[in-house]
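Asks: Below you'll find the structure I mean.
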Amino acid sequence: MFIDFIPMLRDNYCYLIYDDDGTAALIDPAEAQPALAAVNAKRLELVAILNTHHHFDHVGGNQDLLAVHPKLRVIGFGPDASRIPGLNEPVRNADTVRIGKLEGRILSVPCHTQGHIAYLFGDALFSGDTLFAAGCGRFFEGTAEDMVHALYDVILALPDETKIYCGHEYTEKNLLFAQTVEPDNPAIHQKLDDVVAKRRSGQPSLPTTLAEERTYNPFLRLESPVLQASLVSQGACAQDAGPVERMAALRRLKDSF
Ligand SMILES: [Zn+2]
């Protein structure tokens, strides 16, 4: 499988996925024009849009793409059909989607939105706005408990070598926040150097891997004693707070960072 980054809007990533037979799909096209340019430059046959969730900066290109390619399959979470423009192929947790020879699995990860899904193609996880490199999405329609479930029970259950392709280029800012809760974690400093160098040369900071994320992403490190002590010393949660309360505390700190 080939995966191309198509930067959109200010800091969104749309992904173009395809195989050597030329059959292609777009994940979260916020805009149609840059997506069509990428598809045409590679002479691919675009057959589908895969949406992770209903936010405009992930589905904004759906209607314009359908106007150009009326037979496009538009795949998204079934119960969110009224919020995902053009959705014509509803999916649910554990469903399989086929794009030519490519086969992907749907993982239900509600919290950022109630109908948020991720797509797993081989070792590539398209995590939308649920898991970011060094961070996670805001809890717009869910709770800290939902995010603990999505990250720990669903995403961290995948193999360590899983590659993370998320919806935004937020990595640098996320790492700056991570430093405030784990100032002495060397993995954060190393990743920050790496990300700054990549961004200076115009490259995306992605993908990362789950193995890497476990070392510096505070939202995946709720069991770290240093992180727990830091939350307590910042008055964000009590000494005896459980993982859900720690998740909520961390998100509150990040929201005001
Ligand atoms: Zn979103």
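Naming scheme: A, B, ... for chains in displayed order of the structure tokens; residues 1 onward per chain; ligands 1 onward as shown.
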Which protein, DNA or RNA residues have an atom within 12 Å of ligand 1, counting only C-alpha atoms and all ligand atoms, as a PyMOL selection string?
Replies: chain A and resi 12-13+28+30+51-60+110-117+127-132+136-141+166-168
Asks: Excluding segment 153-164 of chain A and residues on its chain fewer than 3 positions from it, collect all residues at most 8 Å away from it, counting only C-alpha atoms, and give them as a list of chain:residue names.
Replies: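 The residues satisfying every condition are A:Leu107, A:Val109, A:Asp123, A:Ala124, A:Leu125, A:Phe126, A:Ser127, A:Phe132, A:Ala133, A:Val148, A:His149, A:Ala150, A:Leu206, A:Pro207, A:Thr208, A:Thr209, A:Leu210, A:Ala211.
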Asks: So what do you get for atom CA of Ile17 of chain A versus atom CA of Val97 of chain A, distance-wise?
Replies: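 One can read the atom CA of Ile17 of chain A to atom CA of Val97 of chain A distance as 13.0 Å.
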Asks: Figure out the distance between atom CA of Asp20 of chain A and atom CA of Arg43 of chain A, please, to one decimal in Å.
Replies: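 For atom CA of Arg43 of chain A relative to atom CA of Asp20 of chain A, the distance reads 11.5 Å.
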Asks: Dump as a tab-separated table the rows for residues of segment 5-48 of chain A within 8 Å of segment 72-77 of chain A: closest atom pair and distance in Å with one decimal, only C-alpha atoms counted, ordered by chain and rising residue number.
Replies:
```
residue	atom	partner	partner_atom	distance
A:Leu46	CA	A:Leu72	CA	7.5
A:Val47	CA	A:Leu72	CA	5.3
A:Ala48	CA	A:Arg73	CA	4.5
```
Asks: Can you measure atom CA of Gln203 of chain A to atom CA of Gln63 of chain A for me? One decimal in Å is fine.
Replies: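 Pair atom CA of Gln203 of chain A / atom CA of Gln63 of chain A returns 29.1 Å.
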Asks: Tell me which of A:Pro243, A:Ser108, A:Glu103, A:Asp193 sits closest to Gly78 of chain A, counting only C-alpha atoms.
Replies: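 Ranked by minimum distance to Gly78 of chain A, first place goes to A:Ser108.
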Asks: Give me, as a ChimeraX atom specification, all polymer residues having an atom no more than 12 Å from Ile188 of chain A, counting only C-alpha atoms and skipping those fewer than 4 positions away in the same chain.
Replies: /A:133-135,171-184,192-195,212-218
Asks: Which of segment 39-231 of chain A end up as strand (DSSP E or B) when DSSP is run on this backbone - answer as a PyMOL selection string?
Replies: chain A and resi 45-50+73-77+89-91+96-99+102-108+117-121+124-128+131-132+135-136+163-166+168+208-209
